[in-house]
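This is final_36.csv (CSV, C-alpha atoms).
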```csv
chain,number,residue,atom,x,y,z
A,17,MET,CA,56.7,22.3,-18.9
A,18,SER,CA,59.5,24.0,-20.8
A,19,ALA,CA,59.2,27.2,-18.7
A,20,PRO,CA,61.1,27.4,-15.4
A,21,LEU,CA,59.1,26.0,-12.5
A,22,PRO,CA,58.4,28.2,-9.5
A,23,PRO,CA,60.7,27.4,-6.5
A,24,ASP,CA,58.0,25.4,-4.7
A,25,GLU,CA,56.9,23.5,-7.8
A,26,PRO,CA,59.2,20.5,-7.6
A,27,GLY,CA,57.7,19.5,-4.2
A,28,ARG,CA,54.2,20.0,-5.5
A,29,LEU,CA,55.0,18.1,-8.7
A,30,LEU,CA,56.3,15.2,-6.6
A,31,ALA,CA,53.2,15.2,-4.5
A,32,ARG,CA,51.0,15.2,-7.6
A,33,LEU,CA,52.9,12.3,-9.3
A,34,THR,CA,52.9,10.1,-6.2
A,35,GLY,CA,49.5,11.0,-4.8
A,36,PRO,CA,48.2,11.1,-1.3
A,37,PRO,CA,49.4,8.4,1.1
A,38,GLY,CA,46.8,6.0,2.6
A,39,PRO,CA,43.5,4.8,1.4
A,40,GLU,CA,41.2,7.0,-0.6
A,41,LEU,CA,37.7,7.0,-2.1
A,42,SER,CA,37.1,6.4,-5.8
A,43,CYS,CA,35.7,9.2,-8.0
A,44,GLU,CA,32.3,7.5,-7.8
A,45,GLU,CA,32.4,7.2,-4.0
A,46,CYS,CA,33.5,10.8,-3.8
A,47,PHE,CA,30.6,12.0,-5.9
A,48,GLU,CA,28.2,9.9,-3.8
A,49,GLN,CA,29.4,11.6,-0.6
A,50,LEU,CA,30.2,15.1,-1.9
A,51,ASP,CA,26.9,16.8,-0.8
A,52,ARG,CA,27.2,15.4,2.7
A,53,TYR,CA,30.9,16.2,3.0
A,54,VAL,CA,30.5,19.9,1.9
A,55,GLU,CA,27.5,20.4,4.2
A,56,LEU,CA,29.5,19.0,7.1
A,57,GLU,CA,32.4,21.3,6.2
A,58,LEU,CA,30.2,24.3,6.2
A,59,THR,CA,28.6,23.5,9.5
A,60,SER,CA,32.1,23.2,11.1
A,61,SER,CA,31.6,19.4,11.6
A,62,ASP,CA,34.5,17.0,11.3
A,63,ALA,CA,33.8,16.1,7.7
A,64,ASP,CA,37.1,14.2,7.3
A,65,ALA,CA,36.3,12.0,10.3
A,66,ALA,CA,32.8,11.4,9.1
A,67,ILE,CA,33.9,10.3,5.6
A,68,PRO,CA,37.3,8.6,5.7
A,69,GLY,CA,39.2,8.7,2.5
A,70,MET,CA,37.5,11.7,1.1
A,71,GLN,CA,40.3,14.2,1.9
A,72,ALA,CA,42.9,11.9,0.4
A,73,HIS,CA,40.9,11.6,-2.8
A,74,LEU,CA,40.4,15.4,-3.0
A,75,GLU,CA,44.2,15.8,-2.7
A,76,GLY,CA,44.7,13.3,-5.5
A,77,CYS,CA,41.9,14.1,-7.9
A,78,SER,CA,41.9,17.7,-9.1
A,79,ALA,CA,38.6,17.3,-10.9
A,80,CYS,CA,36.8,16.1,-7.8
A,81,ALA,CA,38.5,18.8,-5.8
A,82,GLU,CA,37.1,21.4,-8.3
A,83,ASP,CA,33.6,19.9,-7.8
A,84,ARG,CA,34.0,20.3,-4.1
A,85,GLU,CA,35.1,23.9,-4.4
A,86,SER,CA,32.2,24.6,-6.8
A,87,LEU,CA,29.6,23.1,-4.4
A,88,ARG,CA,31.1,25.1,-1.5
A,89,ALA,CA,31.0,28.3,-3.5
A,90,LEU,CA,27.4,27.7,-4.5
A,91,LEU,CA,26.2,26.9,-1.0
A,92,LEU,CA,28.1,29.9,0.4
A,93,SER,CA,26.4,32.1,-2.3
A,94,GLU,CA,22.9,31.2,-1.1
A,95,PRO,CA,21.1,33.8,0.9
A,96,GLY,CA,20.6,33.2,4.5
B,7,MET,CA,18.2,30.6,-26.0
B,8,ALA,CA,18.2,27.0,-26.9
B,9,SER,CA,15.4,24.6,-25.8
B,10,HIS,CA,16.1,21.0,-25.1
B,11,GLY,CA,12.5,19.7,-24.9
B,12,LEU,CA,12.0,19.7,-21.2
B,13,THR,CA,8.3,19.0,-21.5
B,14,THR,CA,8.9,15.8,-23.5
B,15,SER,CA,11.9,13.6,-23.1
B,16,VAL,CA,13.4,15.0,-19.9
B,17,GLN,CA,10.1,15.5,-18.0
B,18,ARG,CA,9.1,11.9,-18.8
B,19,ALA,CA,12.5,10.4,-17.8
B,20,PRO,CA,12.0,7.3,-15.7
B,21,MET,CA,12.5,7.5,-11.9
B,22,SER,CA,14.7,4.9,-10.3
B,23,SER,CA,12.2,4.1,-7.5
B,24,PRO,CA,8.5,4.9,-6.9
B,25,VAL,CA,9.0,4.7,-3.1
B,26,ILE,CA,10.2,7.5,-0.9
B,27,PRO,CA,13.0,6.1,1.3
B,28,ALA,CA,12.2,5.5,4.9
B,29,ALA,CA,15.5,7.3,5.8
B,30,LEU,CA,13.9,10.5,4.7
B,31,ALA,CA,11.8,10.6,7.9
B,32,SER,CA,14.8,12.3,9.5
B,33,SER,CA,15.3,14.6,6.6
B,34,ASP,CA,14.5,18.3,6.5
B,35,ARG,CA,11.0,19.3,5.6
B,36,GLU,CA,12.0,21.0,2.3
B,37,SER,CA,13.7,17.9,1.1
B,38,ARG,CA,10.7,15.7,2.0
B,39,VAL,CA,8.4,18.1,0.0
B,40,TRP,CA,10.7,17.8,-3.0
B,41,LEU,CA,10.7,14.1,-2.9
B,42,GLU,CA,6.9,13.8,-2.4
B,43,ARG,CA,6.3,16.1,-5.3
B,44,LEU,CA,8.8,14.3,-7.6
B,45,HIS,CA,7.2,11.0,-6.7
B,46,ALA,CA,3.7,12.3,-7.3
B,47,SER,CA,1.9,12.0,-10.6
B,48,GLY,CA,0.3,14.3,-13.2
B,49,SER,CA,0.6,18.0,-12.9
B,50,GLU,CA,2.1,18.1,-9.4
B,51,ARG,CA,5.1,16.1,-10.6
B,52,ASP,CA,5.3,18.1,-13.8
B,53,ALA,CA,5.5,21.3,-11.8
B,54,ALA,CA,8.1,19.8,-9.5
B,55,VAL,CA,10.2,18.7,-12.5
B,56,THR,CA,10.0,22.1,-14.1
B,57,GLU,CA,11.1,23.8,-10.8
B,58,LEU,CA,13.9,21.4,-10.4
B,59,HIS,CA,15.1,22.1,-13.9
B,60,ALA,CA,15.0,25.8,-13.2
B,61,LEU,CA,17.1,25.2,-10.1
B,62,LEU,CA,19.6,23.1,-12.1
B,63,LEU,CA,19.8,25.7,-14.8
B,64,ARG,CA,20.7,28.4,-12.3
B,65,THR,CA,23.3,26.1,-10.8
B,66,ALA,CA,24.8,25.3,-14.2
B,67,ARG,CA,24.9,29.1,-15.1
B,68,PHE,CA,26.6,29.8,-11.8
B,69,GLU,CA,29.3,27.2,-12.5
B,70,ILE,CA,29.9,28.1,-16.1
B,71,ALA,CA,30.2,31.8,-15.1
B,72,ARG,CA,32.8,30.9,-12.4
B,73,ARG,CA,34.9,28.8,-14.8
B,74,TYR,CA,34.7,31.3,-17.7
B,75,ALA,CA,36.0,34.0,-15.3
B,76,THR,CA,39.1,32.0,-14.4
B,77,SER,CA,40.0,30.1,-17.6
B,78,ALA,CA,42.2,31.7,-20.3
B,79,HIS,CA,41.2,28.9,-22.8
B,80,LEU,CA,37.5,29.8,-22.6
B,81,ARG,CA,36.4,32.6,-25.0
B,82,GLY,CA,33.1,32.9,-26.8
B,83,GLY,CA,30.7,30.2,-27.5
B,84,ASP,CA,27.1,30.0,-26.4
B,85,THR,CA,27.3,29.6,-22.6
B,86,ASP,CA,23.6,29.5,-22.1
B,87,ASP,CA,23.3,26.6,-24.5
B,88,LEU,CA,26.0,24.9,-22.4
B,89,ALA,CA,24.0,25.6,-19.3
B,90,GLN,CA,20.8,24.3,-20.8
B,91,GLN,CA,22.5,21.1,-21.9
B,92,SER,CA,24.1,20.7,-18.4
B,93,ALA,CA,20.8,21.2,-16.7
B,94,ASP,CA,19.0,18.8,-19.0
B,95,ASP,CA,21.7,16.1,-18.4
B,96,ALA,CA,21.6,16.7,-14.7
B,97,LEU,CA,17.8,16.4,-14.5
B,98,VAL,CA,17.8,13.1,-16.4
B,99,ALA,CA,20.5,11.8,-14.0
B,100,ILE,CA,18.7,13.0,-10.9
B,101,LEU,CA,15.3,11.5,-11.9
B,102,GLY,CA,17.1,8.3,-12.7
B,103,LYS,CA,18.8,8.2,-9.3
B,104,LEU,CA,16.1,9.6,-7.1
B,105,GLY,CA,16.0,6.4,-5.1
B,106,ASN,CA,19.7,6.9,-4.2
B,107,PHE,CA,18.9,10.1,-2.2
B,108,ARG,CA,19.4,9.0,1.4
B,109,GLY,CA,18.6,12.3,3.1
B,110,VAL,CA,22.0,12.8,4.5
B,111,SER,CA,22.1,16.3,3.0
B,112,ARG,CA,19.5,18.7,1.8
B,113,PHE,CA,17.8,17.5,-1.4
B,114,THR,CA,18.9,20.7,-3.1
B,115,THR,CA,22.5,20.2,-2.2
B,116,TRP,CA,22.3,16.7,-3.5
B,117,ALA,CA,20.7,18.0,-6.7
B,118,TYR,CA,23.2,20.8,-7.1
B,119,LYS,CA,26.2,18.5,-7.4
B,120,PHE,CA,24.7,16.9,-10.5
B,121,ALA,CA,24.3,20.2,-12.3
B,122,LEU,CA,27.8,21.3,-11.2
B,123,PHE,CA,29.3,18.1,-12.3
B,124,GLU,CA,27.7,18.3,-15.8
B,125,ALA,CA,28.5,22.0,-16.2
B,126,ALA,CA,32.1,21.6,-15.1
B,127,ALA,CA,32.6,18.6,-17.4
B,128,ASN,CA,31.0,20.4,-20.4
B,129,VAL,CA,33.1,23.5,-19.8
B,130,ARG,CA,36.3,21.4,-19.6
B,131,LYS,CA,35.3,19.6,-22.8
B,132,ARG,CA,34.7,22.9,-24.6
B,133,ALA,CA,38.0,24.3,-23.4
B,134,TRP,CA,39.7,21.3,-25.0
B,135,GLN,CA,37.7,21.2,-28.2
B,136,ARG,CA,40.0,20.8,-31.2
B,137,ARG,CA,43.0,20.6,-29.0
B,138,GLU,CA,45.4,17.7,-29.2
B,139,ILE,CA,45.7,15.6,-26.1
B,140,PRO,CA,49.4,15.3,-25.1
B,141,LEU,CA,50.1,11.8,-23.8
B,142,THR,CA,53.8,12.1,-23.7
B,143,ALA,CA,56.1,14.3,-21.5
B,144,GLU,CA,58.5,15.6,-24.2
B,145,THR,CA,60.2,18.1,-21.9
B,146,TRP,CA,59.3,17.1,-18.4
B,147,PRO,CA,62.6,15.2,-17.7
B,148,LEU,CA,64.1,18.7,-17.5
B,149,PHE,CA,62.5,19.3,-14.1
B,150,ALA,CA,65.0,17.0,-12.4
B,151,ASP,CA,68.0,18.7,-13.8
B,152,GLU,CA,67.0,22.3,-14.4
B,153,HIS,CA,65.6,22.9,-11.0
B,154,ARG,CA,68.4,21.4,-8.9
B,155,ARG,CA,68.9,23.7,-6.0
B,156,THR,CA,71.4,23.7,-3.2
B,157,PRO,CA,71.5,20.6,-1.0
B,158,GLU,CA,69.8,22.4,1.8
B,159,GLU,CA,67.0,23.6,-0.4
B,160,GLY,CA,66.0,20.6,-2.4
B,161,ALA,CA,68.5,17.9,-3.1
B,162,GLU,CA,66.2,15.3,-1.6
B,163,THR,CA,63.2,16.4,-3.7
B,164,THR,CA,65.4,16.4,-6.8
B,165,GLU,CA,66.6,12.9,-6.0
B,166,LEU,CA,63.0,11.8,-5.5
B,167,LEU,CA,61.8,13.4,-8.7
B,168,ALA,CA,64.6,11.7,-10.6
B,169,ALA,CA,63.6,8.4,-9.1
B,170,VAL,CA,60.0,9.0,-10.0
B,171,GLN,CA,61.0,9.9,-13.5
B,172,GLN,CA,62.9,6.6,-13.7
B,173,GLY,CA,59.9,4.8,-12.3
B,174,ILE,CA,57.5,6.3,-14.8
B,175,GLU,CA,59.8,5.2,-17.6
B,176,GLN,CA,60.6,1.7,-16.3
B,177,ASP,CA,57.9,0.5,-14.0
B,178,LEU,CA,54.6,1.7,-15.5
B,179,SER,CA,52.7,0.1,-18.3
B,180,THR,CA,52.3,2.2,-21.4
B,181,HIS,CA,48.7,3.0,-20.5
B,182,GLN,CA,49.5,4.0,-17.0
B,183,ARG,CA,52.4,6.2,-18.2
B,184,GLU,CA,50.3,7.9,-20.8
B,185,VAL,CA,47.4,8.6,-18.4
B,186,LEU,CA,49.6,9.8,-15.6
B,187,VAL,CA,51.6,12.0,-17.8
B,188,ALA,CA,48.5,13.5,-19.5
B,189,ILE,CA,46.6,14.2,-16.3
B,190,VAL,CA,49.4,15.1,-13.9
B,191,LEU,CA,52.2,16.6,-16.1
B,192,ASN,CA,50.2,18.0,-19.0
B,193,ASP,CA,47.1,19.0,-17.0
B,194,VAL,CA,44.6,17.3,-19.3
B,195,PRO,CA,41.2,17.2,-17.5
B,196,ILE,CA,40.4,13.7,-16.5
B,197,ASP,CA,36.9,13.8,-18.0
B,198,VAL,CA,38.3,15.2,-21.3
B,199,LEU,CA,40.8,12.3,-21.5
B,200,ALA,CA,38.1,9.8,-20.5
B,201,GLU,CA,35.9,11.0,-23.4
B,202,ARG,CA,38.8,10.8,-25.9
B,203,LEU,CA,39.8,7.3,-24.7
B,204,ASN,CA,36.2,6.1,-24.6
B,205,THR,CA,36.3,5.3,-20.9
B,206,THR,CA,35.1,6.8,-17.6
B,207,ARG,CA,36.6,9.3,-15.2
B,208,GLY,CA,36.5,6.7,-12.4
B,209,ALA,CA,38.3,4.2,-14.5
B,210,LEU,CA,41.0,6.7,-15.4
B,211,TYR,CA,41.5,7.7,-11.8
B,212,LYS,CA,41.9,4.1,-10.9
B,213,THR,CA,44.7,4.0,-13.5
B,214,VAL,CA,46.3,7.1,-12.0
B,215,HIS,CA,45.9,5.6,-8.5
B,216,ASP,CA,47.5,2.3,-9.5
B,217,ALA,CA,50.4,4.1,-11.3
B,218,ARG,CA,51.0,6.2,-8.1
B,219,GLN,CA,51.1,3.0,-6.0
B,220,LYS,CA,53.7,1.5,-8.4
B,221,LEU,CA,55.8,4.7,-8.2
B,222,ARG,CA,55.7,4.6,-4.4
B,223,ALA,CA,56.7,1.0,-4.4
B,224,ALA,CA,59.5,1.8,-6.8
B,225,LEU,CA,60.8,4.5,-4.5
B,226,THR,CA,60.7,2.2,-1.6
B,227,ALA,CA,62.6,-0.4,-3.5
B,228,ARG,CA,65.3,2.1,-4.2
B,229,GLY,CA,65.5,2.9,-0.5
B,230,LEU,CA,63.9,6.3,-0.8
B,231,SER,CA,61.2,7.6,1.5
B,232,LEU,CA,58.5,9.9,0.3
B,233,GLU,CA,57.2,10.5,3.8
B,234,ASP,CA,60.5,12.0,5.0
B,235,GLN,CA,60.3,14.5,2.1
B,236,ARG,CA,56.7,15.3,2.9
B,237,SER,CA,57.4,16.0,6.5
B,238,SER,CA,60.3,18.3,5.6
B,239,THR,CA,58.3,20.5,3.3
```
Will you turn the file into structure tokens for me?
Amino acid sequence: MSAPLPPDEPGRLLARLTGPPGPELSCEECFEQLDRYVELELTSSDADAAIPGMQAHLEGCSACAEDRESLRALLLSEPG
Amino acid sequence: MASHGLTTSVQRAPMSSPVIPAALASSDRESRVWLERLHASGSERDAAVTELHALLLRTARFEIARRYATSAHLRGGDTDDLAQQSADDALVAILGKLGNFRGVSRFTTWAYKFALFEAAANVRKRAWQRREIPLTAETWPLFADEHRRTPEEGAETTELLAAVQQGIEQDLSTHQREVLVAIVLNDVPIDVLAERLNTTRGALYKTVHDARQKLRAALTARGLSLEDQRSST
């Protein structure tokens, strides 16, 4: 934190400190729904409407967001 | 290559339910076959467990390779041992939670997430091995002063950050402050911190969530609106 922050960093830091607005899932609920959410995303369905609170949690929890990215990448790497 | 005794402890791990859920009637054929084989007995189940472990091992290797490719902290170490351990742990978790599979995704997608979760957590823990966990923000107060820009560019953000800093110091409990600072300001992975504090990732995220709620309330009490700032960026 001693190095100068990039110009857009204060806004992002503020967002990370205060988190997403509105209700969000817990980490356990996120894990429970993650497979369905990512499959819906990849089939162009409205995953956020199908699983309320998921998007907010993924904004607030970097570890769960990484898990989502990993599952997306894995499914996208599958042949066919 | 390390072996973790798949044919003994893992293969005989208890299943959570001996009954295939009725909801699976609407599931895809491949998923139904997986479930039927894993709920079978004898050599058919053994073969299914072995195939599932191989699937999980490929998944863990995929995840570990991705993370090693992007993390400066990860150098050396036996990544295949890490993959084996992740696959073993994922298999035990899956066999224990087989009754929780509701058929709302493909079975393989459901299974992948366990291996990805274990592999990611193991990689993060390895990256933080022998590293001290910073629970205090020794230099972070600088951000409100050093990054002050012109009023047009960011005075509102700077004011909000200063208020958040005040809220962190005055409104949060010691535990909330340490957890928020470690995870948000110092980028300590949540599962690494959970292991060091002997708690769970979910419990720590609840602490982060509650701390954020307190900070939002503190901003409101000071007449500041976060939503105005969000809409302007």
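Using all atoms listed in the file, the nearest neighbour of chain A within the list B:Thr85, B:Ser179, B:Thr164, B:Gln135 is B:Thr164.
With only C-alpha atoms as the basis for measurement, B:Thr65 is the residue among B:Ser92, B:Ser77, B:Thr65, B:Gln172 that approaches A:Leu91 most closely.
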task: Find the residues near stretch 55-63 of chain A: any atom within 12 Å, counting only C-alpha atoms, skip ones fewer than 2 places away on the same chain, and give them as a VMD selection string.
output: (chain A and resid 49 to 53 65 to 71 84 to 85 87 to 92) or (chain B and resid 110 to 116 119)
How would the residues just chosen look if you wrote them out with C-alpha atoms as a PDB file, in the frame of the given file?
```pdb
ATOM      1  CA  GLN A  49      29.400  11.600  -0.600  1.00  0.00           C
ATOM      2  CA  LEU A  50      30.200  15.100  -1.900  1.00  0.00           C
ATOM      3  CA  ASP A  51      26.900  16.800  -0.800  1.00  0.00           C
ATOM      4  CA  ARG A  52      27.200  15.400   2.700  1.00  0.00           C
ATOM      5  CA  TYR A  53      30.900  16.200   3.000  1.00  0.00           C
ATOM      6  CA  ALA A  65      36.300  12.000  10.300  1.00  0.00           C
ATOM      7  CA  ALA A  66      32.800  11.400   9.100  1.00  0.00           C
ATOM      8  CA  ILE A  67      33.900  10.300   5.600  1.00  0.00           C
ATOM      9  CA  PRO A  68      37.300   8.600   5.700  1.00  0.00           C
ATOM     10  CA  GLY A  69      39.200   8.700   2.500  1.00  0.00           C
ATOM     11  CA  MET A  70      37.500  11.700   1.100  1.00  0.00           C
ATOM     12  CA  GLN A  71      40.300  14.200   1.900  1.00  0.00           C
ATOM     13  CA  ARG A  84      34.000  20.300  -4.100  1.00  0.00           C
ATOM     14  CA  GLU A  85      35.100  23.900  -4.400  1.00  0.00           C
ATOM     15  CA  LEU A  87      29.600  23.100  -4.400  1.00  0.00           C
ATOM     16  CA  ARG A  88      31.100  25.100  -1.500  1.00  0.00           C
ATOM     17  CA  ALA A  89      31.000  28.300  -3.500  1.00  0.00           C
ATOM     18  CA  LEU A  90      27.400  27.700  -4.500  1.00  0.00           C
ATOM     19  CA  LEU A  91      26.200  26.900  -1.000  1.00  0.00           C
ATOM     20  CA  LEU A  92      28.100  29.900   0.400  1.00  0.00           C
TER      21      LEU A  92
ATOM     22  CA  VAL B 110      22.000  12.800   4.500  1.00  0.00           C
ATOM     23  CA  SER B 111      22.100  16.300   3.000  1.00  0.00           C
ATOM     24  CA  ARG B 112      19.500  18.700   1.800  1.00  0.00           C
ATOM     25  CA  PHE B 113      17.800  17.500  -1.400  1.00  0.00           C
ATOM     26  CA  THR B 114      18.900  20.700  -3.100  1.00  0.00           C
ATOM     27  CA  THR B 115      22.500  20.200  -2.200  1.00  0.00           C
ATOM     28  CA  TRP B 116      22.300  16.700  -3.500  1.00  0.00           C
ATOM     29  CA  LYS B 119      26.200  18.500  -7.400  1.00  0.00           C
TER      30      LYS B 119
END
```
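Relative to atom CA of A:Glu45, atom CA of B:Val170 is found at 28.3 Å.
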Sorted by chain and rising residue number, which residues of chain B lie within 8 Å of chain A, and what are their closest atom pairs and distances in Å to one decimal, counting all atoms listed in the file, as a Markdown table?
```
| residue | atom | partner | partner_atom | distance |
| --- | --- | --- | --- | --- |
| B:Thr65 | CA | A:Leu90 | CA | 7.7 |
| B:Phe68 | CA | A:Leu90 | CA | 7.6 |
| B:Glu69 | CA | A:Ser86 | CA | 6.9 |
| B:Val110 | CA | A:Arg52 | CA | 6.1 |
| B:Ser111 | CA | A:Arg52 | CA | 5.2 |
| B:Thr115 | CA | A:Asp51 | CA | 5.7 |
| B:Trp116 | CA | A:Asp51 | CA | 5.3 |
| B:Tyr118 | CA | A:Leu87 | CA | 7.3 |
| B:Lys119 | CA | A:Leu87 | CA | 6.5 |
| B:Leu122 | CA | A:Asp83 | CA | 6.9 |
| B:Phe123 | CA | A:Asp83 | CA | 6.5 |
| B:Ala126 | CA | A:Asp83 | CA | 7.6 |
| B:Thr145 | CA | A:Ser18 | CA | 6.0 |
| B:Trp146 | CA | A:Met17 | CA | 5.8 |
| B:Leu148 | CA | A:Ser18 | CA | 7.8 |
| B:Phe149 | CA | A:Pro26 | CA | 7.4 |
| B:Glu152 | CA | A:Pro20 | CA | 7.9 |
| B:His153 | CA | A:Leu21 | CA | 7.4 |
| B:Thr163 | CA | A:Gly27 | CA | 6.3 |
| B:Thr164 | CA | A:Pro26 | CA | 7.5 |
| B:Leu166 | CA | A:Leu30 | CA | 7.6 |
| B:Leu167 | CA | A:Leu30 | CA | 6.2 |
| B:Val170 | CA | A:Leu33 | CA | 7.9 |
| B:Leu186 | CA | A:Leu33 | CA | 7.5 |
| B:Val190 | CA | A:Leu33 | CA | 6.4 |
| B:Leu191 | CA | A:Met17 | CA | 7.8 |
| B:Asn192 | CA | A:Met17 | CA | 7.8 |
| B:Pro195 | CA | A:Ala79 | CA | 7.1 |
| B:Ile196 | CA | A:Ala79 | CA | 6.9 |
| B:Arg207 | CA | A:Cys43 | CA | 7.3 |
| B:Gly208 | CA | A:Cys43 | CA | 5.1 |
| B:Tyr211 | CA | A:Cys43 | CA | 7.1 |
| B:Lys212 | CA | A:Ser42 | CA | 7.4 |
| B:His215 | CA | A:Gly35 | CA | 7.5 |
| B:Arg218 | CA | A:Thr34 | CA | 4.7 |
| B:Gln219 | CA | A:Thr34 | CA | 7.3 |
| B:Leu221 | CA | A:Thr34 | CA | 6.4 |
| B:Arg222 | CA | A:Thr34 | CA | 6.4 |
| B:Thr239 | CA | A:Gly27 | CA | 7.6 |
```
Using only C-alpha atoms, please write the residues we just selected to a file, as a PDB file, in the coordinates of the input.
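Output contents, as saved in selection.pdb:
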```pdb
ATOM      1  CA  THR B  65      23.300  26.100 -10.800  1.00  0.00           C
ATOM      2  CA  PHE B  68      26.600  29.800 -11.800  1.00  0.00           C
ATOM      3  CA  GLU B  69      29.300  27.200 -12.500  1.00  0.00           C
ATOM      4  CA  VAL B 110      22.000  12.800   4.500  1.00  0.00           C
ATOM      5  CA  SER B 111      22.100  16.300   3.000  1.00  0.00           C
ATOM      6  CA  THR B 115      22.500  20.200  -2.200  1.00  0.00           C
ATOM      7  CA  TRP B 116      22.300  16.700  -3.500  1.00  0.00           C
ATOM      8  CA  TYR B 118      23.200  20.800  -7.100  1.00  0.00           C
ATOM      9  CA  LYS B 119      26.200  18.500  -7.400  1.00  0.00           C
ATOM     10  CA  LEU B 122      27.800  21.300 -11.200  1.00  0.00           C
ATOM     11  CA  PHE B 123      29.300  18.100 -12.300  1.00  0.00           C
ATOM     12  CA  ALA B 126      32.100  21.600 -15.100  1.00  0.00           C
ATOM     13  CA  THR B 145      60.200  18.100 -21.900  1.00  0.00           C
ATOM     14  CA  TRP B 146      59.300  17.100 -18.400  1.00  0.00           C
ATOM     15  CA  LEU B 148      64.100  18.700 -17.500  1.00  0.00           C
ATOM     16  CA  PHE B 149      62.500  19.300 -14.100  1.00  0.00           C
ATOM     17  CA  GLU B 152      67.000  22.300 -14.400  1.00  0.00           C
ATOM     18  CA  HIS B 153      65.600  22.900 -11.000  1.00  0.00           C
ATOM     19  CA  THR B 163      63.200  16.400  -3.700  1.00  0.00           C
ATOM     20  CA  THR B 164      65.400  16.400  -6.800  1.00  0.00           C
ATOM     21  CA  LEU B 166      63.000  11.800  -5.500  1.00  0.00           C
ATOM     22  CA  LEU B 167      61.800  13.400  -8.700  1.00  0.00           C
ATOM     23  CA  VAL B 170      60.000   9.000 -10.000  1.00  0.00           C
ATOM     24  CA  LEU B 186      49.600   9.800 -15.600  1.00  0.00           C
ATOM     25  CA  VAL B 190      49.400  15.100 -13.900  1.00  0.00           C
ATOM     26  CA  LEU B 191      52.200  16.600 -16.100  1.00  0.00           C
ATOM     27  CA  ASN B 192      50.200  18.000 -19.000  1.00  0.00           C
ATOM     28  CA  PRO B 195      41.200  17.200 -17.500  1.00  0.00           C
ATOM     29  CA  ILE B 196      40.400  13.700 -16.500  1.00  0.00           C
ATOM     30  CA  ARG B 207      36.600   9.300 -15.200  1.00  0.00           C
ATOM     31  CA  GLY B 208      36.500   6.700 -12.400  1.00  0.00           C
ATOM     32  CA  TYR B 211      41.500   7.700 -11.800  1.00  0.00           C
ATOM     33  CA  LYS B 212      41.900   4.100 -10.900  1.00  0.00           C
ATOM     34  CA  HIS B 215      45.900   5.600  -8.500  1.00  0.00           C
ATOM     35  CA  ARG B 218      51.000   6.200  -8.100  1.00  0.00           C
ATOM     36  CA  GLN B 219      51.100   3.000  -6.000  1.00  0.00           C
ATOM     37  CA  LEU B 221      55.800   4.700  -8.200  1.00  0.00           C
ATOM     38  CA  ARG B 222      55.700   4.600  -4.400  1.00  0.00           C
ATOM     39  CA  THR B 239      58.300  20.500   3.300  1.00  0.00           C
TER      40      THR B 239
END
```
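Between atom CA of B:Gln91 and atom CA of B:His45 there is a distance of 23.8 Å.
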message: So the first atom is atom CA of B:Asp193 and the second is atom CA of B:Thr213; what is the distance between them in Å, to one decimal place?
response: 15.6 Å
field: Among the residues B:Asp197, B:Glu184, B:Asp94, B:Asp34, the one that comes closest to B:Pro140 [using all atoms listed in the file]
entry: B:Glu184
message: List as a PyMOL selection string the protein and nucleic acid residues near B:Ile100, meaning an atom at most 10 Å away when only C-alpha atoms are counted, but skip any in the same chain fewer than 5 places from it.
response: chain B and resi 19+21-22+58+94-95+105-107+116-121
